[in-house]
>>> print(open('run_8.cif').read())   # mmCIF, C-alpha atoms and all ligand atoms
data_input
loop_
_atom_site.label_atom_id
_atom_site.label_comp_id
_atom_site.auth_asym_id
_atom_site.auth_seq_id
_atom_site.Cartn_x
_atom_site.Cartn_y
_atom_site.Cartn_z
CA MET A 1 0.00 0.00 0.00
CA THR A 2 1.40 3.39 -0.92
CA TYR A 3 0.49 6.70 0.66
CA PRO A 4 0.49 10.03 -1.17
CA ARG A 5 3.50 12.22 -0.35
CA SER A 6 1.31 14.89 1.23
CA PHE A 7 -0.13 12.37 3.67
CA LEU A 8 3.34 11.19 4.65
CA ARG A 9 4.50 14.78 5.15
CA CYS A 10 1.45 15.38 7.33
CA ALA A 11 2.09 12.29 9.39
CA MET A 12 5.73 13.29 9.86
CA LEU A 13 4.66 16.74 10.98
CA ALA A 14 2.17 15.29 13.45
CA LEU A 15 4.89 13.05 14.88
CA LEU A 16 7.28 15.98 15.17
CA LEU A 17 4.64 18.07 16.91
CA LEU A 18 3.82 15.25 19.29
CA SER A 19 7.42 14.66 20.22
CA SER A 20 8.11 18.36 20.76
CA CYS A 21 5.00 18.51 22.95
CA SER A 22 6.23 15.83 25.28
CA ALA A 23 9.69 17.38 25.36
CA ASN A 24 8.14 20.64 26.57
CA ALA A 25 6.01 19.06 29.28
CA THR A 26 7.10 19.94 32.80
CA PRO A 27 9.40 17.18 33.92
CA ALA A 28 8.40 15.28 37.07
CA PRO A 29 10.41 16.79 39.91
CA THR A 30 13.35 14.58 40.72
CA LEU A 31 14.04 13.99 44.37
CA THR A 32 17.44 13.67 45.98
CA THR A 33 18.22 10.44 47.84
CA PHE A 34 17.53 12.17 51.15
CA GLU A 35 14.19 13.53 49.91
CA GLN A 36 13.32 10.02 48.72
CA LEU A 37 14.02 8.72 52.21
CA GLY A 38 11.63 11.39 53.50
CA GLN A 39 9.06 10.33 50.92
CA SER A 40 9.19 6.74 52.13
CA VAL A 41 8.86 7.88 55.76
CA PHE A 42 5.82 9.88 54.61
CA ASN A 43 4.30 6.90 52.78
CA LEU A 44 4.80 4.68 55.81
CA ARG A 45 3.77 7.04 58.61
CA CYS A 46 1.74 9.91 57.27
CA ALA A 47 -0.01 8.94 54.03
CA GLN A 48 -2.87 7.18 55.84
CA CYS A 49 -4.01 10.61 57.05
CA HIS A 50 -2.53 13.12 54.59
CA ALA A 51 -3.02 13.30 50.83
CA LEU A 52 -0.50 15.09 48.64
CA VAL A 53 -3.05 16.05 46.00
CA PRO A 54 -4.97 19.31 46.56
CA ASP A 55 -8.31 19.55 48.39
CA THR A 56 -8.32 15.95 49.55
CA VAL A 57 -9.01 15.30 53.21
CA ILE A 58 -8.30 11.84 54.55
CA ILE A 59 -8.19 12.49 58.32
CA GLY A 60 -5.75 15.36 58.24
CA PRO A 61 -5.51 18.17 55.69
CA SER A 62 -3.90 17.68 52.28
CA LEU A 63 -0.22 18.63 52.42
CA SER A 64 -0.22 19.74 48.78
CA GLU A 65 1.84 22.97 48.48
CA LEU A 66 2.58 22.77 52.20
CA ALA A 67 5.97 24.48 51.84
CA THR A 68 4.27 27.51 50.31
CA ARG A 69 1.91 28.15 53.24
CA ALA A 70 3.97 26.71 56.13
CA GLY A 71 5.98 29.90 56.57
CA SER A 72 2.89 32.02 57.22
CA ARG A 73 1.06 29.71 59.65
CA VAL A 74 2.72 30.93 62.84
CA PRO A 75 4.23 34.42 63.02
CA GLY A 76 8.01 34.31 63.37
CA MET A 77 8.29 30.63 62.40
CA ASP A 78 9.81 29.75 59.05
CA ALA A 79 8.40 26.96 56.86
CA ALA A 80 10.83 24.19 57.85
CA LYS A 81 10.53 25.00 61.56
CA TYR A 82 6.74 25.04 61.33
CA ILE A 83 6.69 21.65 59.57
CA GLU A 84 9.04 20.14 62.14
CA THR A 85 6.99 21.56 65.03
CA SER A 86 3.76 20.27 63.41
CA ILE A 87 5.23 16.77 63.45
CA LEU A 88 6.75 16.85 66.94
CA PHE A 89 4.09 18.93 68.71
CA PRO A 90 0.93 18.70 66.59
CA LYS A 91 -1.22 20.31 69.29
CA ASP A 92 0.83 23.54 69.40
CA PHE A 93 -0.90 24.83 66.29
CA LEU A 94 -4.08 23.23 65.01
CA VAL A 95 -5.02 23.74 61.40
CA PRO A 96 -8.39 25.57 61.48
CA GLU A 97 -11.39 23.21 61.30
CA TYR A 98 -9.39 20.14 62.35
CA THR A 99 -9.24 18.37 65.67
CA ASP A 100 -6.10 17.17 67.40
CA THR A 101 -6.12 13.61 66.07
CA MET A 102 -2.56 13.65 64.79
CA PRO A 103 -0.34 11.27 66.79
CA THR A 104 1.90 13.01 69.31
CA ASN A 105 4.59 10.34 69.54
CA PHE A 106 6.55 11.00 66.33
CA GLY A 107 9.38 12.48 68.40
CA LYS A 108 9.92 8.96 69.78
CA GLU A 109 8.85 6.96 66.72
CA LEU A 110 11.08 8.64 64.15
CA THR A 111 14.86 8.75 64.24
CA SER A 112 16.29 12.25 63.93
CA GLU A 113 17.38 11.36 60.39
CA GLU A 114 13.84 10.24 59.45
CA LEU A 115 12.40 13.43 60.93
CA GLU A 116 14.83 15.64 59.04
CA ALA A 117 14.24 13.65 55.83
CA VAL A 118 10.45 13.92 56.00
CA VAL A 119 10.69 17.69 56.67
CA THR A 120 13.08 18.00 53.72
CA PHE A 121 10.67 16.03 51.53
CA LEU A 122 7.68 18.16 52.60
CA MET A 123 9.70 21.31 51.83
CA THR A 124 9.69 20.22 48.16
CA LEU A 125 5.87 20.54 48.06
CA LYS A 126 5.56 24.09 46.74
C1 LIG B 1 -3.96 9.79 62.44
C2 LIG B 1 -3.85 10.79 61.39
C3 LIG B 1 -2.56 11.53 61.18
C4 LIG B 1 -1.29 11.02 60.96
C5 LIG B 1 -0.84 9.56 60.97
C6 LIG B 1 -0.44 12.16 60.69
N1 LIG B 1 -1.16 13.33 60.74
FE1 LIG B 1 -0.49 15.19 60.37
N2 LIG B 1 -2.27 16.00 60.85
C7 LIG B 1 -3.41 15.25 61.19
C8 LIG B 1 -4.50 16.17 61.51
C9 LIG B 1 -5.91 15.79 61.91
C10 LIG B 1 -3.98 17.48 61.34
C11 LIG B 1 -4.75 18.79 61.55
C12 LIG B 1 -4.77 19.17 63.02
C13 LIG B 1 -3.42 19.69 63.46
O1 LIG B 1 -3.02 20.77 63.03
O2 LIG B 1 -2.74 18.97 64.22
C14 LIG B 1 -2.58 17.33 60.92
C15 LIG B 1 -1.73 18.39 60.60
C16 LIG B 1 -0.47 18.25 60.06
C17 LIG B 1 0.36 19.34 59.57
C18 LIG B 1 -0.01 20.80 59.50
C19 LIG B 1 -0.52 21.10 58.08
C20 LIG B 1 -0.82 22.55 57.78
O3 LIG B 1 -1.42 22.79 56.71
O4 LIG B 1 -0.46 23.45 58.54
C21 LIG B 1 1.51 18.79 59.11
C22 LIG B 1 2.71 19.51 58.50
C23 LIG B 1 1.43 17.36 59.32
N3 LIG B 1 0.21 17.07 59.89
C24 LIG B 1 2.41 16.47 58.98
C25 LIG B 1 2.36 15.11 59.26
C26 LIG B 1 3.47 14.21 59.01
C27 LIG B 1 4.78 14.60 58.37
C28 LIG B 1 3.05 12.98 59.43
C29 LIG B 1 3.87 11.70 59.45
C30 LIG B 1 5.15 11.75 60.11
C31 LIG B 1 1.69 13.10 59.91
N4 LIG B 1 1.30 14.43 59.80
C32 LIG B 1 0.91 12.05 60.39
C33 LIG B 1 -3.51 13.88 61.21
C34 LIG B 1 -2.45 12.98 61.05
#
>>> encode(input="run_8.cif", output="structure tokens")
Amino acid sequence: MTYPRSFLRCAMLALLLLSSCSANATPAPTLTTFEQLGQSVFNLRCAQCHALVPDTVIIGPSLSELATRAGSRVPGMDAAKYIETSILFPKDFLVPEYTDTMPTNFGKELTSEELEAVVTFLMTLK
């Protein structure tokens, strides 16, 4: 079966367009090894209550774009400090409209490396 030249040219163009489209798509953010460790801590310990997609409540609030709002939650507390405090002392600041059902024993349950890694991972959520 033979195709007319114009059809072939069209098909080539479509292919070119398609491939340039995918090349322009925003690449998935790549995580460092330490951030990946934090992600696995999150999946193991936090994902049963926190979604990472917007507007999705499991038991706790979605942590989508957490790093963007964390710095303005408590006056004088920067984003990383707020996230760490939220994990260690969840009752210190309650997210409006939520009750204090977050576990309070992460300070004992997580090693200091796991804690730092999960904070570092959450800081990538902008
Ligand atoms: C049993 C459910 C539960 C688990 C498990 C849990 N959380 Fe929470 N978390 C909550 C609830 C409910 C809130 C909202 C009330 C509050 O502020 O404590 C919350 C609030 C937060 C906030 C504040 C969010 C904001 O928008 O200010 C952060 C950060 C957070 N959690 C991180 C974590 C991390 C990290 C883990 C795992 C190490 C975790 N949580 C595990 C239920 C949970």
>>> residues_around(input="run_8.cif", residues="Met123 of chain A", least_positions_apart="6", cutoff="8 Å", atoms="only C-alpha atoms", output="mmCIF file with C-alpha atoms, keeping the file's coordinate frame")
data_model
loop_
_atom_site.group_PDB
_atom_site.id
_atom_site.type_symbol
_atom_site.label_atom_id
_atom_site.label_comp_id
_atom_site.auth_asym_id
_atom_site.auth_seq_id
_atom_site.Cartn_x
_atom_site.Cartn_y
_atom_site.Cartn_z
ATOM 1 C CA LEU A 66 2.580 22.770 52.200
ATOM 2 C CA ALA A 67 5.970 24.480 51.840
ATOM 3 C CA ALA A 79 8.400 26.960 56.860
ATOM 4 C CA ALA A 80 10.830 24.190 57.850
#
>>> atom_distance(input="run_8.cif", atom1="atom CA of Ser112 of chain A", atom2="atom CA of Val57 of chain A")
27.6 Å
>>> residues_near_ligand(input="run_8.cif", ligand="ligand LIG 1 (chain B)", cutoff="8 Å", atoms="all atoms listed in the file", output="number ranges by chain")
A: 41-42, 44-50, 59-63, 66, 69-70, 73, 82-84, 86-87, 90-103, 106, 110, 115, 118-119, 122
>>> closest_residue(input="run_8.cif", among="A:Thr56, A:Thr30, A:Thr124, A:Thr85", to="Thr68 of chain A", atoms="all atoms listed in the file")
A:Thr124
>>> atom_distance(input="run_8.cif", atom1="atom CA of Lys81 of chain A", atom2="atom CA of Lys108 of chain A")
18.0 Å
>>> closest_residue(input="run_8.cif", among="A:Asp55, A:Glu35, A:Asp78, A:Glu65", to="Glu113 of chain A", atoms="all atoms listed in the file")
A:Glu35
>>> atom_distance(input="run_8.cif", atom1="atom CA of Gly107 of chain A", atom2="atom CA of Val74 of chain A")
20.4 Å
>>> residues_around(input="run_8.cif", residues="Phe34 of chain A", least_positions_apart="2", cutoff="9 Å", atoms="only C-alpha atoms", output="list of chain:residue names")
A:Leu31, A:Thr32, A:Gln36, A:Leu37, A:Gly38, A:Gln39, A:Ala117, A:Val118, A:Thr120, A:Phe121
